[in-house]
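Q: Below you'll find the structure I mean.
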Amino acid sequence: MALKESDSQAMSTNLKYLSLGILVFQTTSLVLTMRYSRTLKEEGPRYLSSTAVVIAELLKIMACILLVYKDSKCNLRALNRVLHDEILNKPMETLKLAIPSGIYTLQNNLLYVALSNLDAATYQVTYQLKILTTALFSVSMLSKKLGVYQWLSLVILMAGVAFVQWPSDSPAAATKELSAGSQFVGLMAVLIACFSSGFAGVYFEKILKETKQSVWIRNIQLGFFGSIFGLMGVYIYDGEPVSKNGFFQGYNKLTWIVVVLQALGGLVIAAVIKYADNILKGFATSLSIILSTLISYFWLQDFVPTSVFFLGAVLVIAATFLYGYDPKPTSNPIKA
């Protein structure tokens, strides 16, 4: 019996670190490949980010249907019954996902805009402001109480991001700014994405807490509305280029890698929430920031780190750890 319990604990630990390893890989590789794909100079039209967002949503739906199929013991009739009962027979529950889905679709499009104008390292660090927005929306929408360590971490986080965005007068920075496009546009895109991520994430958490539907069913509903909103965006903003050069114009192997990595994002985070804790998630985020900075400098060569950036990145990493820190009482634990 003790052997079985130890095996179960070992498997749980393995799943925890496996999910975190996948999160680090997914987060880092998505940012770097997306940045590379948006700055790579090649002949012909560049792929449209709006179409990439739609394809990612469709892939996410397919992946979630496969996971529900697995949970239904690989029985097609059981799968059909679950989808019918949980989605079609509960239209009001399904409609609740339209709001966060629309916001997530906006956010996904903004990430392409951000990485077309910011280097991967600056984007990765600045995007951690979503911790701040998520915390503020959690307090206002879920009546969540933040501890002293968490409030302190949010102050440190804001200071760190401010240092990262601090203008530099070095010639290298001036050259980078000219070649990377409008840094202001990139910064605005990241900030709006942080607010949308915070609101949509808390809204989604609120829905999950109020109902008993599985995360995979909820992700199918999100993907359904996300596909609709995404197609509307394609029609409104890129209707002319699509009619001229086709929906898949500019697509290559790298584009498909970006799309698949983006589709995997929500599923990986769901696995991390299930198997890991906040401190380990913070470690994964910090490792992703460090890897993005190193690869952006050595491989993409579109980033020159300064002492001010280094200080800001260290503060953001420290804030990420501090926010997830939960001091355990030695005795008589109080129920949250």
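Identifiers for the structure tokens are assigned positionally: chains receive A, B, ... in sequence, residues are indexed from 1 per chain, and ligands are indexed from 1 in the order shown.
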Quick one: residues within 12 Å of Ser140 in chain A, only C-alpha atoms, excluding same-chain residues fewer than 4 positions away - as number ranges by chain?
A: A: 133-136, 144-146, 198-199, 202-203, 206
Q: What's the 9 Å shell around Gly230 in chain A, counting only C-alpha atoms, without same-chain residues fewer than 2 positions away, as a PyMOL selection string?
A: chain A and resi 50-51+53-54+57+102+105-106+109+225-228+232-235
Q: Name the residues of range 128-223 of chain A that fall into helix (DSSP H, G or I) according to DSSP on the backbone, using the chain letters and numbers of this document, as a PyMOL selection string.
A: chain A and resi 128-141+148-164+171-180+183-210+215-223
Q: Using only C-alpha atoms, pick whichever of A:Met34, A:Val24, A:Ile192, A:Ile156 has the shortest atom-to-atom distance to Trp256 in chain A.
A: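 Checking each of A:Met34, A:Val24, A:Ile192, A:Ile156 against Trp256 in chain A, counting only C-alpha atoms, the winner is A:Met34.
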Q: Using only C-alpha atoms, which of the listed residues (A:Ile207, A:Leu15, A:Leu118, A:Leu187) sits closest to Leu142 in chain A?
A: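 Between A:Ile207, A:Leu15, A:Leu118, A:Leu187, the residue approaching Leu142 in chain A most closely is A:Ile207.
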Q: I'd like the neighbourhood of Ile269 in chain A as a PyMOL selection string, where a residue qualifies if any of its atoms comes within 9 Å (using only C-alpha atoms), though same-chain residues fewer than 5 positions away should be ignored.
A: chain A and resi 19-20+23+264+274
Q: Please produce a file of the residues just selected, as a PDB file, in the first residue's frame, where the atoms kept are C-alpha atoms.
A:
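The result, stored in selection_15.pdb:
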ATOM      1  CA  SER A  19       3.902  20.349 -17.270  1.00  0.00           C
ATOM      2  CA  LEU A  20       6.240  23.134 -16.145  1.00  0.00           C
ATOM      3  CA  LEU A  23       5.180  25.580 -20.246  1.00  0.00           C
ATOM      4  CA  LEU A 264      -1.133  24.675 -27.233  1.00  0.00           C
ATOM      5  CA  LYS A 274      -3.927  21.209 -12.390  1.00  0.00           C
TER       6      LYS A 274
END
Q: So the first atom is CA of Leu311 in chain A and the second is CA of Ala284 in chain A; what is the distance between them in Å, to one decimal place?
A: 19.2 Å
Q: Please, what distance in Å, to one decimal, runs between CA of Ala193 in chain A and CA of Asn108 in chain A?
A: 7.9 Å
